[in-house]
Structures are given as C-alpha cells and as structure tokens.
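Read through the structure below, which is laid out as structure tokens, and then see the notes.
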Amino acid sequence: MEDQERLQAEGGSQVPEEEILAARKEKLRRLREEEGYDPYRPERFERSAHLAEIKRRFDSLTVDQHGTEKLTTAGRVMALRKHGKASFITLEDEGDRMQLYFQFDALGEEAYTFFKKWVDVGDFLGVEGHPFRTSRGELSVQVESFSLLSKALRPMPEKWHGLKDVEVRYRQRYVDLLANRGVRDTFRKRATIMAAIRALMTRTGSLEVDTPILSHLAGGANARPFVTFHNALGLQMYMRIATELYLKRLIVGMMGRVYEIGKNFRNEGVDTMHNPEFTAMEVYWAYADYEDMMTLCENIVVAAADSVGGRTVTYQGKEISLHPPFRRATMKELVKEHAGVDFDAITTDEEARRAARAKGIPVEGHESRFLLLAKLFEEYGEKHLIQPTFVLQHPVEISPLAKRNPEAPDYTNRFELFINGSEVANAFSELNDPLDQEERFRDQQRKKDAGDEESHPFDEDFVTALEYGLPPTGGLGVGIDRLVMFLTDSRSIRDVILFPAMRPREA
C-alpha cells in the first residue's frame with residue numbers, strides 16, 4: 001500500500017483516496033499499539049531556522065562540504081525516497097523546500113527503522129542536523145534526530161501536475177494551499193499590499209476605524225443587501241453593503257481623516273469579478289474634494305504595486321502601466337469615443353432612447369437620458385479601459401451621495417477608476433447639503449417603492465447628521481480584491497479570497 005501511496009503522490013496512480021485513508025488509519029492504529037507513539041501528542045517544536053534561511057546562510061558550501069552548525073527545522077514531507085540504509089525526503093515549510101538526508105549510520109538502527117516504517121508523504125517532521133552539499137551539488141540537511149509531529153491520514157493532491165480541480169481548489173482551500181506554493185505566494189502578496197496601503201494612510205494622517213456590519217438600513221451604495229433578524233431586539237437587520245454613511249457621520253463628529261478596510265456584503269451574482277462577501281476600503285477626508293481623492297487613489301495604487309514588484313504589471317497577457325498620472329475622461333467623452341453617441345448633442349430623453357435602441361440597448365420607454373448615458377458607457381465604454389482611467393462626471397441620477405458639478409448640475413464631481421475594463425475605485429466630492437440629500441433619498445425611495453431593490457433607502461438619521469454640518473469632504477472607495485487580482489495576475493476574484501462563496505456540496 002505504501003508504494004501505491006507514493007505513486008499517487010507523484011501523480012502516477014489512481015488509487016482511491018478513501019482506500020488510502022483507510023490504510024493510513026490502520027497504520028496509525030498500529031503505530032500507537034506497536035510503538036506506543038502518538039503522532040499528535042507534540043505541542044510545539046522549536047525551530048532555529050526556516051528552510052529559506054538555511055539556504056541563504058549556507059549557500060556558499062561547496063560539493064561534499066559539511067557545515068558544523070547544528071540546526072533544527074520543521075515542515076511537511078512532500079516527497080519521500082526510501083532506500084536501504086540511506087533515504088531522502090523533500091521537506092517544505094511555509095516559505096521554501098529543501099532536501100533532507102536520512103542515513104542509517106547517523107541515526108542508528110532504531111530511529112532509522114522507525115523512519116522507514118512509519119513516516120509518509122504529507123506528515124509533519126521536526127528534525128535536527130547539519131547542512132551539507134551533496135556530490136550532485138544540492139544543498140541538504142543531514143538528519144541526526146527527528147520527531148514525527150503530526151501524521152497525515154489523507155494523501156497529498158497531485159504534486160507534479162498541480163491541483164487542477166477548481167471545485168476542490170476553492171472549496172478546500174487548505175488543499176490548494178498545500179499543493180500550490182504559488183497560491184500561498186498570492187495571499188502573502190495580498191498581505192503585503194494591505195500593509196503598504198495602511199502605511200500610506202498612516203503617513204497621510206488618516207485614522208483607521210471600525211463601523212457596524214449589522215445595521216437597521218443597508219445604505220452607502222445601490223445594491224441588494226443580505227437580510228437577517230435580531231431575535232432579542234425583534235428587528236430586521238441588514239449586512240452592510242458599504243461603510244460610507246457611518247464614516248461620514250464621523251466627519252460630522254470632527255474626526256478629520258478616517259478610513260476603514262473591511263468586509264461588505266451584497267446579495268448579487270457571482271462571477272470572476274464578484275463575490276457576495278468582499279473587502280473594500282473607504283476613505284473620507286474633511287476639507288478635501290474628489291480631485292484630492294484622485295491623487296490619493298493614484299498613490300494607493302502605486303504604493304500597492306511598489307510593494308509587490310513594480311508599476312508595470314502583466315495581467316492575463318496584457319501589459320498595464322500603473323505609472324501616474326492616470327488618464328482622465330468624462331463619461332460623455334468615453335461614450336462618444338466608443339459608442340459614437342454624442343450626449344452633448346442630445347437634449348431630450350426621447351432622443352437618448354432612440355440613440356440607445358439604435359445601439360442595441362434595451363429600452364422600456366421611461367428611462368432618462370442620464371440613465372441611458374450610464375448604460376451606454378457600461379456596454380460600450382468599460383471594456384476598452386485597459387490602462388488605468390479615471391471616468392468623471394457621472395449623472396446625479398446614479399450618484400445619490402455625490403456633490404453636483406456647479407458648471408453642469410445634472411452631473412456630479414465623481415470619478416470611477418477602471419483597470420482592465422473593471423471598476424477598481426469610486427470617489428466623489430461628498431454631498432453635504434442636507435436638503436439636497438433628503439430630496440435625493442426621497443427620489444431613491446420612490447424607485448425602491450416601485451420595485452427597484454437596489455435603490456438607496458431613506459436614511460433619516462444620516463440627514464439629521466448632515467443638518468449638524470458636514471464640512472467639504474472627499475470620499476474614496478477602493479475594491480481591495482480587484483486591486484490584488486491585477487497585482488498578482490489572478491484571473492478570478494476567487495483566486496484572491498481565501499474562502500470564496502460556494503454552493504454546498506451535493507450529498
């Protein structure tokens with residue numbers, strides 16, 4: 001059975017996993033019974049060096065040269081080649097992998113026999129030994145003693161061909177992580193990106209805060225929320241779809257510059273760019289406007305890119321330059337450029353409906369020219385924005401929380417940042433007129449009452465907060481998951497979320 005396990009670990013056999021599981025459980029029973037050894041008993045193991053450090057420190061050893069320093073290290077057995085009186089394993093820890101050499105003469109008969117009989121691919125070992133370079137030039141560790149720290153009962157996934165079952169990769173992320181070091185690297189880069197963004201925000205004097213995930217209203221964006229119920233209070237509550245309205249309340253309360261990085265939840269579709277639970281960053285600065293937010297947005301993207309390799313990235317075969325300044329263009333300019341429809345020449349809703357129908361946009365007959373502008377941009381403009389582009393001047397109708405552009409009052413001082421055809425950031429000069437905000441909320445409520453589930457609810461307390469006075473404020477939201485996707489060349493948002501949403505496995 002051990003030979004079958006080894007073949008399967010190397011991608012050369014189709015032994016059923018459950019058969020291997022049963023055999024290993026039996027082996028565990030015999031280990032406990034015959035040796036009196038419980039492989040789950042060790043509570044800790046002191047490492048003097050990780051594998052990457054060993055490689056770095058002893059890279060200068062020449063062929064057949066042995067280091068004199070004794071080291072302790074630990075990891076998972078990824079490959080195992082047992083011979084007569086000399087055996088080799090490939091040990092992997094969280095950062096690197098290395099060859100270990102087990103020799104009868106160095107270990108003694110009892111320990112070497114234990115190793116050959118009981119250690120399998122997938123097990124965790126702690127070892128003590130010294131580094132040396134083999135006659136074939138490979139830096140290794142000669143093992144002088146070892147401990148079996150944990151026994152793997154299930155076989156390792158295919159090592160040489162990679163874990164290709166997408167269902168398994170996302171549903172059992174732990175298997176994906178242990179099989180694919182590149183996946184581990186992606187999530188380490190994600191952590192590096194987050195740290196770089198936080199460091200930048202600290203330099204700008206911004207305070208990181210936490211706001212509620214459960215609330216009485218789901219506001220701050222146009223999206224369908226998840227609904228739940230609080231039994232003790234007898235209240236219907238909502239998972240937040242955005243942090244915006246709480247953060248702006250903090251600006252009313254004289255907090256100055258605040259930001260939050262956290263989870264949002266939207267009860268919407270799942271695809272390569274959308275997951276119902278996602279990570280977003282929102283920033284609000286008193287006495288700033290959307291131009292300030294554009295500069296900050298560029299700085300965030302640059303800081304993130306610099307932290308993981310640089311400002312020129314290749315995403316799915318396309319080279320993207322993240323060197324600022326990014327292109328700036330209005331929504332009307334981009335619709336004219338890519339759809340051939342000039343909204344500066346369209347003055348009525350009916351003209352816009354005729355133009356939209358001519359471009360294949362479904363029209364029901366009640367849409368305004370401003371809503372159709374947004375639909376034409378979505379259909380014809382977004383996909384062309386491969387290089388970073390700030391899209392400016394969104395219509396008031398689709399921007400219920402943004403300040404109007406004084407020179408074009410049907411439009412707002414707002415931008416969205418697009419990279420590779422996808423929205424990565426959204427920002428505006430915040431609406432701080434409580435009367436205007438109240439009227440926009442009422443308009444949104446009318447649409448919600450008419451059946452639009454994504455319209456913004458009327459938030460009376462937020463209007464009250466504005467009545468106490470919100471200073472001129474710039475706000476920015478950044479989709480962290482999408483930014484990480486572009487900086488790690490990940491095809492799907494599921495590749496950068498450790499445990500993405502999945503349907504339950506059918507019995």
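The way I read the labels, and the way they are meant: chains A, B, ... in the order of the structure tokens, residue 1 as the first residue of every chain, and ligand 1 as the first ligand shown, with later ones counted on from there.
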Hey, what's within 9 Å of Asn405 in chain A if we count only C-alpha atoms and toss same-chain stuff fewer than 5 positions away? As a PDB file with C-alpha atoms, in the first residue's frame, please?
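And here's part_25.pdb as it stands now:
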```
ATOM      1  CA  GLN A 393     -18.888  63.362 -14.257  1.00  0.00           C
ATOM      2  CA  ASP A 410     -27.070  67.309 -13.949  1.00  0.00           C
ATOM      3  CA  TYR A 411     -23.695  65.675 -13.292  1.00  0.00           C
ATOM      4  CA  THR A 412     -21.566  65.155 -10.196  1.00  0.00           C
ATOM      5  CA  ASN A 413     -17.982  65.678  -9.112  1.00  0.00           C
ATOM      6  CA  ARG A 414     -17.361  61.957  -9.062  1.00  0.00           C
TER       7      ARG A 414
END
```
Worksheet item: What's the 12 Å shell around Gln236 in chain A, counting only C-alpha atoms, without same-chain residues fewer than 2 positions away, as a PyMOL selection string?
Response: chain A and resi 214-218+225-234+238-239
Residues as selected, N, CA and C atoms, written as a CSV table (one decimal), in the first residue's frame, can you do that?
```
chain,number,residue,atom,x,y,z
A,214,LEU,N,-23.7,45.0,11.0
A,214,LEU,CA,-25.2,44.9,11.0
A,214,LEU,C,-25.8,46.3,11.3
A,215,SER,N,-26.8,46.6,10.6
A,215,SER,CA,-27.5,47.9,10.8
A,215,SER,C,-28.9,47.8,10.4
A,216,HIS,N,-29.7,48.9,10.8
A,216,HIS,CA,-31.1,48.9,10.5
A,216,HIS,C,-31.4,49.2,9.1
A,217,LEU,N,-30.4,49.8,8.4
A,217,LEU,CA,-30.6,50.2,7.0
A,217,LEU,C,-29.3,49.7,6.2
A,218,ALA,N,-29.5,49.3,5.0
A,218,ALA,CA,-28.3,49.0,4.1
A,218,ALA,C,-28.1,50.2,3.2
A,225,PRO,N,-29.1,44.0,-0.4
A,225,PRO,CA,-28.5,43.5,0.8
A,225,PRO,C,-28.9,42.1,1.2
A,226,PHE,N,-28.1,41.6,2.1
A,226,PHE,CA,-28.5,40.4,2.8
A,226,PHE,C,-29.3,40.8,4.0
A,227,VAL,N,-30.4,40.1,4.3
A,227,VAL,CA,-31.3,40.4,5.3
A,227,VAL,C,-31.2,39.4,6.4
A,228,THR,N,-31.2,39.8,7.7
A,228,THR,CA,-31.2,38.9,8.8
A,228,THR,C,-32.2,39.4,9.9
A,229,PHE,N,-32.3,38.8,11.0
A,229,PHE,CA,-33.2,39.2,12.0
A,229,PHE,C,-32.6,39.0,13.4
A,230,HIS,N,-32.7,40.1,14.2
A,230,HIS,CA,-32.1,40.1,15.6
A,230,HIS,C,-33.3,39.7,16.5
A,231,ASN,N,-33.1,38.5,17.1
A,231,ASN,CA,-34.2,38.0,17.9
A,231,ASN,C,-34.5,38.8,19.2
A,232,ALA,N,-33.4,39.2,19.9
A,232,ALA,CA,-33.6,39.9,21.2
A,232,ALA,C,-34.3,41.2,21.0
A,233,LEU,N,-33.9,41.9,19.9
A,233,LEU,CA,-34.5,43.2,19.7
A,233,LEU,C,-35.7,43.2,18.8
A,234,GLY,N,-36.0,42.0,18.2
A,234,GLY,CA,-37.2,41.9,17.4
A,234,GLY,C,-37.1,42.7,16.1
A,238,TYR,N,-29.7,44.3,8.4
A,238,TYR,CA,-29.1,44.1,7.1
A,238,TYR,C,-27.5,44.0,7.3
A,239,MET,N,-26.9,43.2,6.5
A,239,MET,CA,-25.5,43.2,6.4
A,239,MET,C,-25.1,44.4,5.6
```
Worksheet item: Taking only C-alpha atoms into account, which of A:Arg24, A:His274, A:Arg44, A:Arg29 comes nearest Ile493 in chain A?
Response: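 Under the stated criterion, the closest residue is A:His274.
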Practice prompt. Enumerate, as a PyMOL selection string, the complete set of residues in range 113-156 of chain A that a backbone-based DSSP assignment places in strand (DSSP E or B).
Written response: chain A and resi 124-133+139-150
Fill in: Near-range 380-382 of chain A list (8 Å; only C-alpha atoms; drop same-chain fewer than 5 positions) as number ranges by chain
A: 334-335, 338-339, 418, 421-422
Could you please take those selected residues and save N, CA and C atoms as an mmCIF file, in the first residue's frame?
```
data_model
loop_
_atom_site.group_PDB
_atom_site.id
_atom_site.type_symbol
_atom_site.label_atom_id
_atom_site.label_comp_id
_atom_site.auth_asym_id
_atom_site.auth_seq_id
_atom_site.Cartn_x
_atom_site.Cartn_y
_atom_site.Cartn_z
ATOM 1 N N LEU A 334 -16.241 59.303 -23.203
ATOM 2 C CA LEU A 334 -15.963 57.890 -23.473
ATOM 3 C C LEU A 334 -17.093 57.234 -24.257
ATOM 4 N N VAL A 335 -18.338 57.647 -24.011
ATOM 5 C CA VAL A 335 -19.458 57.125 -24.802
ATOM 6 C C VAL A 335 -19.355 57.605 -26.244
ATOM 7 N N HIS A 338 -16.376 55.534 -27.857
ATOM 8 C CA HIS A 338 -16.501 54.090 -28.071
ATOM 9 C C HIS A 338 -17.873 53.647 -28.582
ATOM 10 N N ALA A 339 -18.908 54.474 -28.384
ATOM 11 C CA ALA A 339 -20.234 54.114 -28.896
ATOM 12 C C ALA A 339 -20.655 55.009 -30.052
ATOM 13 N N PHE A 418 -11.057 52.746 -13.576
ATOM 14 C CA PHE A 418 -11.153 51.461 -14.279
ATOM 15 C C PHE A 418 -9.766 50.968 -14.651
ATOM 16 N N GLY A 421 -10.821 47.116 -17.800
ATOM 17 C CA GLY A 421 -12.259 47.052 -18.039
ATOM 18 C C GLY A 421 -13.112 46.874 -16.804
ATOM 19 N N SER A 422 -12.506 46.920 -15.621
ATOM 20 C CA SER A 422 -13.266 46.715 -14.384
ATOM 21 C C SER A 422 -13.084 47.897 -13.441
#
```
Discussion item. Measuring between only C-alpha atoms, which one of A:Leu372, A:Leu107, A:Ile261, A:Ile361 shows the shortest distance to Phe343 in chain A?
Written reply: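 Nearest candidate to Phe343 in chain A out of A:Leu372, A:Leu107, A:Ile261, A:Ile361: A:Leu372.
Using only C-alpha atoms, the smallest distance between any of A:Gly182, A:Gly475, A:Gly129, A:Pro400 and Glu439 in chain A comes from A:Pro400.
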